[in-house]
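Text of target00.txt, listed as compact mmCIF, C-alpha atoms:
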```
# COMPACT_ATOMS: atom_id res chain seq x y z
CA MET A 1 8.04 74.68 -18.78
CA ASP A 2 5.43 75.28 -16.10
CA TYR A 3 2.57 72.82 -15.48
CA ARG A 4 0.21 74.31 -18.08
CA GLN A 5 2.94 74.42 -20.72
CA THR A 6 3.83 70.82 -19.90
CA LEU A 7 0.25 69.70 -20.47
CA ASP A 8 0.06 71.73 -23.67
CA PHE A 9 3.16 69.90 -24.90
CA MET A 10 1.61 66.54 -24.05
CA TYR A 11 -1.76 67.39 -25.59
CA SER A 12 -0.86 69.27 -28.73
CA GLN A 13 2.53 68.13 -29.94
CA LEU A 14 1.75 64.46 -29.67
CA PRO A 15 -1.48 62.67 -30.60
CA MET A 16 -4.04 62.09 -27.88
CA PHE A 17 -6.75 59.53 -28.53
CA GLN A 18 -9.02 61.12 -25.93
CA ARG A 19 -9.13 64.29 -28.02
CA ILE A 20 -8.71 63.31 -31.66
CA GLY A 21 -9.72 59.65 -31.83
CA PRO A 22 -8.51 57.09 -34.41
CA ALA A 23 -5.62 59.18 -35.79
CA ALA A 24 -3.86 58.82 -32.43
CA TYR A 25 -4.15 55.03 -32.25
CA LYS A 26 -0.90 53.06 -32.37
CA ALA A 27 -1.21 49.33 -32.94
CA ASP A 28 2.24 48.55 -31.64
CA LEU A 29 4.03 48.14 -28.29
CA SER A 30 7.53 48.91 -29.61
CA ASN A 31 7.36 52.55 -28.50
CA THR A 32 6.31 51.56 -25.00
CA ILE A 33 9.08 48.98 -24.76
CA GLU A 34 11.62 51.59 -25.86
CA LEU A 35 10.13 54.07 -23.39
CA CYS A 36 10.45 51.62 -20.52
CA LYS A 37 14.10 50.99 -21.38
CA LEU A 38 14.72 54.73 -21.41
CA LEU A 39 13.21 54.98 -17.91
CA GLY A 40 15.10 51.98 -16.51
CA ASN A 41 12.14 49.57 -16.77
CA PRO A 42 10.08 50.92 -13.86
CA GLU A 43 7.25 48.50 -14.72
CA ASN A 44 9.32 45.74 -13.08
CA ALA A 45 9.83 47.64 -9.81
CA PHE A 46 6.35 47.27 -8.26
CA ARG A 47 3.64 44.66 -7.89
CA SER A 48 0.45 45.23 -9.83
CA VAL A 49 -3.09 44.23 -10.71
CA HIS A 50 -3.94 44.70 -14.39
CA VAL A 51 -7.58 45.46 -15.25
CA ALA A 52 -9.22 45.37 -18.69
CA GLY A 53 -12.77 45.08 -20.01
CA THR A 54 -15.35 46.94 -22.07
CA ASN A 55 -17.36 48.40 -19.19
CA GLY A 56 -16.73 48.72 -15.46
CA LYS A 57 -12.95 48.50 -15.48
CA GLY A 58 -12.59 51.96 -13.96
CA SER A 59 -15.05 51.27 -11.14
CA VAL A 60 -13.45 47.87 -10.45
CA SER A 61 -9.98 49.41 -10.40
CA HIS A 62 -11.05 52.10 -7.93
CA MET A 63 -12.76 49.56 -5.64
CA ILE A 64 -9.71 47.28 -5.55
CA ALA A 65 -7.42 50.24 -4.86
CA SER A 66 -9.69 51.53 -2.08
CA VAL A 67 -9.69 48.18 -0.28
CA LEU A 68 -5.89 47.91 -0.55
CA GLN A 69 -5.59 51.43 0.91
CA GLU A 70 -7.87 50.50 3.81
CA ALA A 71 -5.68 47.46 4.43
CA GLY A 72 -2.69 49.75 4.89
CA TYR A 73 -0.91 49.23 1.59
CA LYS A 74 0.66 52.12 -0.29
CA THR A 75 -1.44 51.79 -3.41
CA GLY A 76 -0.90 53.24 -6.86
CA LEU A 77 -3.85 53.69 -9.20
CA TYR A 78 -3.61 54.35 -12.94
CA THR A 79 -6.85 54.97 -14.86
CA SER A 80 -8.02 56.79 -17.99
CA PRO A 81 -9.39 59.04 -19.29
CA HIS A 82 -9.48 61.86 -16.76
CA LEU A 83 -12.57 64.00 -16.31
CA LYS A 84 -11.42 67.31 -14.82
CA ASP A 85 -7.69 67.13 -14.14
CA PHE A 86 -4.99 65.20 -16.00
CA ARG A 87 -3.54 64.15 -12.65
CA GLU A 88 -6.65 62.03 -11.91
CA ARG A 89 -4.97 59.37 -14.05
CA ILE A 90 -2.09 58.80 -11.62
CA ARG A 91 -2.74 58.49 -7.88
CA ILE A 92 -1.14 57.04 -4.78
CA ASN A 93 -3.51 56.35 -1.90
CA GLY A 94 -6.06 58.54 -3.65
CA ALA A 95 -3.80 61.60 -3.91
CA MET A 96 -3.14 62.80 -7.45
CA ILE A 97 0.42 63.04 -8.70
CA PRO A 98 1.75 66.53 -7.79
CA GLU A 99 1.98 69.07 -10.60
CA GLU A 100 5.72 69.46 -10.09
CA LYS A 101 6.22 65.70 -10.60
CA VAL A 102 4.44 65.96 -13.95
CA VAL A 103 6.61 68.91 -14.97
CA ASP A 104 9.85 67.33 -13.76
CA PHE A 105 9.15 64.03 -15.53
CA ILE A 106 8.45 65.63 -18.91
CA SER A 107 11.31 68.13 -18.57
CA ALA A 108 13.79 65.38 -17.76
CA HIS A 109 12.79 63.17 -20.69
CA LYS A 110 11.30 65.51 -23.28
CA GLN A 111 14.14 65.10 -25.77
CA GLY A 112 14.11 61.33 -25.51
CA PHE A 113 10.32 61.17 -25.82
CA THR A 114 10.37 63.33 -28.93
CA GLY A 115 13.05 61.09 -30.43
CA ILE A 116 10.93 58.00 -29.90
CA GLY A 117 7.80 59.76 -31.14
CA LEU A 118 5.61 58.82 -28.20
CA SER A 119 1.86 59.21 -28.12
CA PHE A 120 0.16 61.04 -25.26
CA PHE A 121 -0.99 57.74 -23.77
CA GLU A 122 2.43 56.11 -23.99
CA MET A 123 4.00 59.10 -22.27
CA THR A 124 1.39 59.03 -19.51
CA VAL A 125 1.84 55.32 -18.88
CA GLY A 126 5.59 55.88 -18.57
CA MET A 127 4.95 58.71 -16.12
CA ALA A 128 2.72 56.50 -13.98
CA PHE A 129 5.15 53.59 -13.89
CA ASP A 130 8.10 55.88 -13.12
CA TYR A 131 6.15 57.58 -10.32
CA PHE A 132 4.98 54.31 -8.76
CA SER A 133 8.51 52.94 -8.92
CA LYS A 134 10.17 55.99 -7.37
CA GLU A 135 7.51 56.30 -4.66
CA LYS A 136 7.95 52.58 -3.85
CA VAL A 137 4.27 51.65 -3.85
CA ASP A 138 3.37 48.30 -2.33
CA ILE A 139 1.08 47.58 -5.26
CA ALA A 140 -0.50 49.44 -8.18
CA VAL A 141 -3.88 48.87 -9.80
CA VAL A 142 -3.46 49.60 -13.51
CA GLU A 143 -6.39 49.98 -15.90
CA THR A 144 -5.88 49.43 -19.62
CA GLY A 145 -6.79 52.25 -21.95
CA MET A 146 -8.33 50.34 -24.85
CA GLY A 147 -8.25 46.66 -25.65
CA GLY A 148 -5.35 44.87 -24.01
CA ARG A 149 -2.98 43.10 -26.42
CA LEU A 150 -1.54 46.33 -27.84
CA ASP A 151 -2.33 48.62 -24.91
CA SER A 152 0.73 50.39 -23.52
CA THR A 153 0.01 49.06 -20.04
CA ASN A 154 0.46 45.50 -21.32
CA VAL A 155 4.20 45.57 -20.65
CA LEU A 156 3.34 44.70 -17.04
CA THR A 157 3.70 41.25 -15.53
CA PRO A 158 1.09 41.58 -12.77
CA LEU A 159 0.19 39.48 -9.76
CA LEU A 160 -3.33 39.24 -11.14
CA SER A 161 -5.12 39.94 -14.43
CA VAL A 162 -8.76 41.06 -14.32
CA ILE A 163 -11.18 41.36 -17.25
CA THR A 164 -14.60 42.76 -16.34
CA ASN A 165 -16.75 41.94 -19.38
CA ILE A 166 -16.89 42.12 -23.16
CA GLY A 167 -19.11 44.39 -25.24
CA TYR A 168 -19.04 46.34 -28.48
CA ASP A 169 -16.74 49.34 -28.22
CA HIS A 170 -13.78 50.57 -30.31
CA THR A 171 -14.75 47.96 -32.90
CA GLN A 172 -12.65 49.62 -35.62
CA PHE A 173 -9.54 48.67 -33.61
CA LEU A 174 -10.53 45.62 -31.56
CA GLY A 175 -12.73 43.74 -34.03
CA ASP A 176 -16.34 43.58 -35.10
CA THR A 177 -17.35 40.49 -33.10
CA LEU A 178 -17.40 39.86 -29.36
CA LYS A 179 -14.95 36.98 -29.82
CA LYS A 180 -12.42 39.20 -31.60
CA ILE A 181 -12.76 41.86 -28.88
CA ALA A 182 -12.40 39.20 -26.17
CA GLY A 183 -9.26 37.93 -27.87
CA GLU A 184 -7.69 41.39 -27.69
CA LYS A 185 -8.52 41.78 -24.00
CA ALA A 186 -7.58 38.18 -23.14
CA ALA A 187 -4.01 39.03 -24.14
CA ILE A 188 -3.42 40.71 -20.77
CA ILE A 189 -3.51 37.21 -19.24
CA LYS A 190 0.13 36.25 -18.70
CA SER A 191 1.74 32.84 -18.41
CA GLY A 192 1.18 31.34 -14.95
CA ILE A 193 -0.50 34.50 -13.63
CA PRO A 194 -4.01 34.04 -12.13
CA ALA A 195 -6.81 35.66 -14.12
CA ILE A 196 -10.33 36.67 -13.12
CA ILE A 197 -13.14 37.22 -15.62
CA GLY A 198 -15.94 39.32 -14.19
CA GLU A 199 -18.92 37.98 -16.12
CA THR A 200 -19.56 34.57 -17.69
CA GLN A 201 -20.70 35.41 -21.21
CA GLU A 202 -21.52 32.32 -23.26
CA GLU A 203 -20.32 33.82 -26.53
CA VAL A 204 -16.81 34.58 -25.30
CA LYS A 205 -16.06 32.48 -22.22
CA ASP A 206 -14.16 29.88 -24.27
CA VAL A 207 -11.82 32.60 -25.54
CA PHE A 208 -10.61 33.12 -21.97
CA ILE A 209 -10.62 29.43 -21.07
CA ASP A 210 -8.56 28.57 -24.15
CA ARG A 211 -6.07 31.40 -23.51
CA ALA A 212 -5.63 30.37 -19.87
CA LYS A 213 -5.11 26.70 -20.75
CA LYS A 214 -2.64 27.56 -23.49
CA ILE A 215 -0.36 29.58 -21.21
CA GLY A 216 -0.99 27.80 -17.92
CA SER A 217 -2.87 30.50 -16.03
CA PRO A 218 -5.37 29.70 -13.24
CA LEU A 219 -8.74 31.12 -14.38
CA SER A 220 -11.93 31.91 -12.50
CA PHE A 221 -15.21 33.70 -13.23
CA ALA A 222 -16.20 36.21 -10.56
CA ASP A 223 -19.95 35.82 -11.03
CA GLN A 224 -19.68 32.13 -10.11
CA GLY A 225 -18.18 32.82 -6.66
CA ASN A 226 -19.64 33.45 -3.23
CA TYR A 227 -18.80 36.68 -1.42
CA PRO A 228 -19.56 38.45 1.86
CA GLY A 229 -22.86 40.35 1.85
CA ILE A 230 -21.41 43.74 0.93
CA GLU A 231 -23.38 46.42 -0.89
CA PRO A 232 -21.70 48.47 -3.65
CA CYS A 233 -21.00 52.11 -2.91
CA LEU A 234 -22.29 53.00 -6.37
CA ALA A 235 -25.87 52.73 -7.64
CA GLY A 236 -26.88 50.45 -10.49
CA ASP A 237 -27.24 46.75 -11.16
CA TRP A 238 -24.00 46.84 -13.17
CA GLN A 239 -22.15 48.04 -10.06
CA LYS A 240 -23.24 44.87 -8.27
CA ARG A 241 -21.51 42.91 -10.99
CA ASN A 242 -18.47 45.18 -10.76
CA LEU A 243 -18.42 44.65 -6.99
CA LYS A 244 -18.27 40.86 -7.43
CA THR A 245 -15.34 41.28 -9.80
CA ALA A 246 -13.53 43.54 -7.34
CA LEU A 247 -14.19 41.15 -4.43
CA ALA A 248 -12.91 38.19 -6.44
CA ALA A 249 -9.72 40.14 -7.10
CA ILE A 250 -9.32 41.06 -3.42
CA ILE A 251 -9.78 37.42 -2.37
CA ALA A 252 -7.17 36.38 -4.94
CA LEU A 253 -4.75 38.98 -3.56
CA SER A 254 -5.39 37.69 -0.04
CA LYS A 255 -4.23 34.30 -1.26
CA ALA A 256 -1.13 36.02 -2.65
CA ARG A 257 -0.11 36.98 0.90
CA PHE A 258 -1.84 40.33 1.14
CA ASN A 259 -3.27 40.71 4.63
CA ILE A 260 -6.81 42.03 4.14
CA SER A 261 -9.57 41.59 6.72
CA GLU A 262 -13.31 41.46 6.00
CA ASP A 263 -13.75 44.74 7.89
CA GLN A 264 -11.16 46.37 5.63
CA ILE A 265 -12.94 45.01 2.58
CA ARG A 266 -16.24 46.47 3.79
CA SER A 267 -14.78 49.87 4.63
CA GLY A 268 -12.77 49.91 1.42
CA ILE A 269 -15.85 49.34 -0.72
CA GLU A 270 -17.95 51.77 1.33
CA ASN A 271 -15.30 54.51 1.08
CA THR A 272 -14.34 54.05 -2.57
CA LEU A 273 -15.48 57.52 -3.64
CA SER A 274 -13.67 59.36 -0.86
CA ASN A 275 -10.58 57.13 -0.95
CA THR A 276 -9.92 57.25 -4.67
CA GLY A 277 -11.80 60.26 -6.07
CA LEU A 278 -13.99 58.27 -8.45
CA LEU A 279 -16.25 60.57 -10.52
CA GLY A 280 -19.05 60.34 -13.06
CA ARG A 281 -20.74 57.10 -12.06
CA TRP A 282 -24.46 57.83 -11.56
CA GLN A 283 -23.32 60.97 -9.80
CA ILE A 284 -25.94 63.30 -8.34
CA LEU A 285 -25.23 66.88 -9.37
CA GLN A 286 -28.12 68.58 -7.53
CA ASN A 287 -31.64 68.10 -6.20
CA LYS A 288 -34.89 69.89 -7.15
CA PRO A 289 -34.75 69.26 -9.97
CA LEU A 290 -32.75 66.08 -9.55
CA ALA A 291 -29.78 66.15 -11.93
CA ILE A 292 -27.58 63.11 -12.48
CA CYS A 293 -24.66 62.31 -14.80
CA ASP A 294 -23.04 59.06 -15.87
CA ILE A 295 -20.16 58.34 -18.24
CA GLY A 296 -21.80 55.24 -19.79
CA HIS A 297 -21.28 55.76 -23.52
CA ASN A 298 -21.43 52.50 -25.46
CA ARG A 299 -24.50 50.37 -26.10
CA ASP A 300 -24.15 48.20 -23.00
CA GLY A 301 -23.29 51.14 -20.76
CA VAL A 302 -26.21 53.25 -21.98
CA ARG A 303 -28.61 50.33 -21.60
CA GLU A 304 -27.66 50.06 -17.92
CA VAL A 305 -28.03 53.83 -17.45
CA LEU A 306 -31.53 53.71 -18.93
CA LYS A 307 -32.51 51.01 -16.42
CA MET A 308 -31.46 53.36 -13.63
CA ILE A 309 -33.40 56.25 -15.17
CA ASP A 310 -36.50 54.04 -15.30
CA GLN A 311 -36.04 53.19 -11.62
CA THR A 312 -35.69 56.87 -10.64
CA PRO A 313 -39.07 58.54 -9.94
CA HIS A 314 -39.61 61.50 -12.24
CA GLN A 315 -42.25 63.20 -14.33
CA THR A 316 -40.34 64.38 -17.42
CA LEU A 317 -36.85 63.35 -18.47
CA HIS A 318 -34.60 66.15 -19.72
CA PHE A 319 -31.64 64.49 -21.46
CA VAL A 320 -28.45 66.48 -22.12
CA LEU A 321 -26.83 64.41 -24.85
CA GLY A 322 -23.51 64.52 -26.67
CA LEU A 323 -21.63 61.74 -28.48
CA VAL A 324 -18.23 61.25 -30.08
CA ALA A 325 -18.00 61.16 -33.86
CA ASP A 326 -15.88 58.02 -34.24
CA LYS A 327 -18.34 55.60 -32.65
CA ASN A 328 -21.57 53.99 -33.82
CA ALA A 329 -24.13 56.64 -32.84
CA GLU A 330 -27.08 54.60 -34.08
CA ALA A 331 -26.33 51.80 -31.60
CA VAL A 332 -26.92 54.29 -28.76
CA LEU A 333 -29.62 56.50 -30.27
CA GLU A 334 -31.97 53.61 -31.00
CA LEU A 335 -32.04 52.76 -27.28
CA LEU A 336 -33.04 56.22 -26.06
CA PRO A 337 -36.64 57.03 -25.01
CA GLU A 338 -38.75 59.06 -27.44
CA SER A 339 -40.65 60.63 -24.56
CA ALA A 340 -37.65 62.60 -23.25
CA THR A 341 -36.81 66.20 -24.12
CA TYR A 342 -33.31 66.33 -25.59
CA TYR A 343 -30.65 69.03 -25.30
CA PHE A 344 -28.12 68.22 -28.01
CA CYS A 345 -24.55 69.42 -27.47
CA LYS A 346 -20.92 68.80 -28.40
CA ALA A 347 -18.07 68.37 -25.94
CA ASP A 348 -15.22 70.80 -26.56
CA ILE A 349 -12.88 68.26 -28.15
CA PRO A 350 -12.18 67.47 -31.82
CA ARG A 351 -13.72 64.00 -31.39
CA GLY A 352 -17.10 65.42 -30.41
CA MET A 353 -19.93 64.80 -32.88
CA ASP A 354 -21.19 67.95 -34.57
CA VAL A 355 -24.32 69.00 -32.73
CA HIS A 356 -26.37 69.48 -35.91
CA GLU A 357 -25.37 66.05 -37.20
CA LEU A 358 -26.29 64.58 -33.81
CA LYS A 359 -29.71 66.23 -33.89
CA GLU A 360 -30.30 65.01 -37.43
CA GLN A 361 -29.35 61.43 -36.58
CA ALA A 362 -31.44 61.55 -33.41
CA SER A 363 -34.50 62.66 -35.41
CA LYS A 364 -34.38 59.34 -37.30
CA TYR A 365 -35.22 57.70 -33.98
CA HIS A 366 -37.92 60.27 -33.14
CA LEU A 367 -35.79 61.97 -30.50
CA SER A 368 -36.64 65.66 -30.40
CA GLY A 369 -35.10 68.71 -28.79
CA LYS A 370 -32.90 71.74 -29.38
CA SER A 371 -29.21 72.15 -30.18
CA TYR A 372 -26.86 74.17 -27.97
CA LYS A 373 -23.45 75.73 -28.48
CA SER A 374 -21.91 74.07 -25.44
CA VAL A 375 -22.49 71.37 -22.85
CA LYS A 376 -22.90 73.95 -20.09
CA GLU A 377 -25.45 75.91 -22.10
CA ALA A 378 -27.43 72.72 -22.75
CA TYR A 379 -27.27 71.74 -19.08
CA GLN A 380 -28.40 75.17 -17.88
CA ALA A 381 -31.30 75.11 -20.36
CA ALA A 382 -32.36 71.69 -19.08
CA LEU A 383 -32.26 72.85 -15.47
CA GLY A 384 -34.24 75.96 -16.40
CA ASN A 385 -36.95 73.97 -18.17
CA ALA A 386 -37.28 71.22 -15.57
CA ASN A 387 -39.86 71.17 -12.79
CA GLU A 388 -38.96 69.97 -9.30
CA SER A 389 -40.45 66.57 -10.07
CA ASP A 390 -38.47 66.16 -13.32
CA LEU A 391 -35.12 64.44 -13.92
CA VAL A 392 -32.20 66.04 -15.73
CA PHE A 393 -29.69 63.52 -17.02
CA VAL A 394 -26.31 64.33 -18.59
CA GLY A 395 -24.50 61.68 -20.60
CA GLY A 396 -23.68 59.95 -23.85
CA SER A 397 -19.96 60.66 -23.58
CA THR A 398 -17.29 60.81 -20.89
CA PHE A 399 -16.31 64.20 -22.26
CA VAL A 400 -19.82 65.65 -21.96
CA VAL A 401 -19.92 64.62 -18.29
CA ALA A 402 -16.47 66.11 -17.70
CA GLU A 403 -17.67 69.57 -18.70
CA ILE A 404 -20.41 69.80 -16.07
CA LEU A 405 -18.53 68.30 -13.11
```

Can the structure in the file be given as structure tokens, please?
Amino acid sequence: MDYRQTLDFMYSQLPMFQRIGPAAYKADLSNTIELCKLLGNPENAFRSVHVAGTNGKGSVSHMIASVLQEAGYKTGLYTSPHLKDFRERIRINGAMIPEEKVVDFISAHKQGFTGIGLSFFEMTVGMAFDYFSKEKVDIAVVETGMGGRLDSTNVLTPLLSVITNIGYDHTQFLGDTLKKIAGEKAAIIKSGIPAIIGETQEEVKDVFIDRAKKIGSPLSFADQGNYPGIEPCLAGDWQKRNLKTALAAIIALSKARFNISEDQIRSGIENTLSNTGLLGRWQILQNKPLAICDIGHNRDGVREVLKMIDQTPHQTLHFVLGLVADKNAEAVLELLPESATYYFCKADIPRGMDVHELKEQASKYHLSGKSYKSVKEAYQAALGNANESDLVFVGGSTFVVAEIL
């Protein structure tokens, strides 16, 4: 198989949550455990930081990895989903895994993977761990996909567990209360391993405290600490909270005998985008008219995006909007401003919400606009209708943003 055929095998023959949603979900770690045995347990061959949370875990993971790179450590980074290129998921010192490594890995193990019946995500996690092990990284920053307890990445025993925050997302799998969701994510905290919680949330903080006490893990809350006066490289109040979480993790790693200076912390945070290739976080696409995209897609994420839109000078807001069908659309739609002009679209994945259904649901909240056949068509229409003093925003779904980057 060549690279494209390899990806086709991964995408089409085996379920991929990113594309098809709930049907791909596996509430079991047995496949991952069997996979790791098949690969010689590469998850035990490198040190790691494990990052979970409802929002911000990708940004936090990238910031931690960038600082470690600046400090001279060979740093693996595993995140999901990807926006443009599958290989974004697996990086070492910011460089994506080479195409031939992807091909070789699948070719070498295809028969065994098919026998186990692996999901796309399980296969990708195995690829990342195998790559980090063979390349002898000094440390890897590993982001969970969804939840924590049953996430394939949870076979790791890290140096540090990090949980950014808790909000409503993937409730059909993780639970319909914040405490249930927190319980799922708290399960990445391992016995005796230090854990950092990004935000002190009254409704769920005891979930983490109780878990840490039960298994003897030192626990701290990042928002209760004091840090050097460093500005985030990314815009938004939520990125200030993410920065505190990342800094708390870096300080904890320093105590674990990682040699990281304050200058390296500053340069690592400042250079996060260039060091790690982070995309889709309040990203400016063009000026005149100003066009911006952001992957915020659940209620909490969209609320933060709307704060940024309010703080951005503009006359009329042109909102290119697409959602996924397996999430609570009403929770997002009821937040959106009635004064904006909407360009309804569907990302080119099975999970995308039908554009006519989206428009109909949006009308219940007095959101008006036209429907378009594709994200790019909607985006071009918005740019064409906008004046130089207007703002074009693209969002609602990671997959919508991916199609215009």

For A:Val375, list every protein, DNA or RNA residue within 12 Å, evaluated using all atoms listed in the file, and leave out those in the same chain fewer than 6 positions away; present the list as a VMD selection string. chain A and resid 319 to 323 343 to 349 352 355 381 to 382 394 to 405

Give me the residues within 8 Å of A:Thr32 as a list of chain:residue names, counting all atoms listed in the file and dropping any in the same chain fewer than 3 places off. A:Leu29, A:Leu35, A:Cys36, A:Leu118, A:Glu122, A:Gly126, A:Ser152, A:Val155

Which one of A:Val137, A:Val204, A:Leu367, A:Val60 sits closest to A:Lys74 if you count only C-alpha atoms? A:Val137

Which residues are near A:His109? Cut-off 10 Å, all atoms listed in the file, ignore same chain within fewer than 3 positions. Put them as an MDAnalysis selection string. chainID A and resid 35 38:39 104:106 112:115 123

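The gap separating atom CA of A:Gly301 from atom CA of A:Thr200 is 17.3 Å, in Å to one decimal.
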
For stretch 94-96 of chain A, find every residue with an atom within 7 Å (counting all atoms listed in the file), except residues of its own chain fewer than 3 positions away, and show them as a ChimeraX atom specification. /A:87-88,90-91,275-277

Contacts between stretch 214-236 of chain A and stretch 143-164 of chain A, please, where a residue of stretch 143-164 of chain A counts if it comes within 12 Å (with all atoms listed in the file); show its shortest atom pair and distance in Å to one decimal, rows by chain and ascending number, as JSON lines.
```
{"residue": "A:Leu159", "atom": "CA", "partner": "A:Ser217", "partner_atom": "CA", "distance": 11.4}
{"residue": "A:Leu160", "atom": "CA", "partner": "A:Pro218", "partner_atom": "CA", "distance": 10.0}
{"residue": "A:Ser161", "atom": "CA", "partner": "A:Leu219", "partner_atom": "CA", "distance": 9.5}
{"residue": "A:Val162", "atom": "CA", "partner": "A:Ala222", "partner_atom": "CA", "distance": 9.6}
{"residue": "A:Ile163", "atom": "CA", "partner": "A:Phe221", "partner_atom": "CA", "distance": 9.5}
{"residue": "A:Thr164", "atom": "CA", "partner": "A:Ala222", "partner_atom": "CA", "distance": 8.9}
```

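Here the question is which of A:Asn298, A:Ile197, A:Lys327, A:Val142 gets nearest to A:Arg241 using only C-alpha atoms, and that residue is A:Ile197.
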
Contact residues around A:Gln69 with only C-alpha atoms at 12 Å, ignoring same-chain residues under 5 positions, as an MDAnalysis selection string: chainID A and resid 62:64 74:77 91:95 137:141 250 258:260 264:265 267:269 271:272 274:276

When you draw a straight line from atom CA of A:Val125 to atom CA of A:Ala256, how long is it in Å?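 Interatomic distance here is 25.4 Å.
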
In Å, with one decimal, what is the gap from atom CA of A:Arg4 to atom CA of A:Val102?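 That distance, rounded to one decimal, is 10.2 Å.
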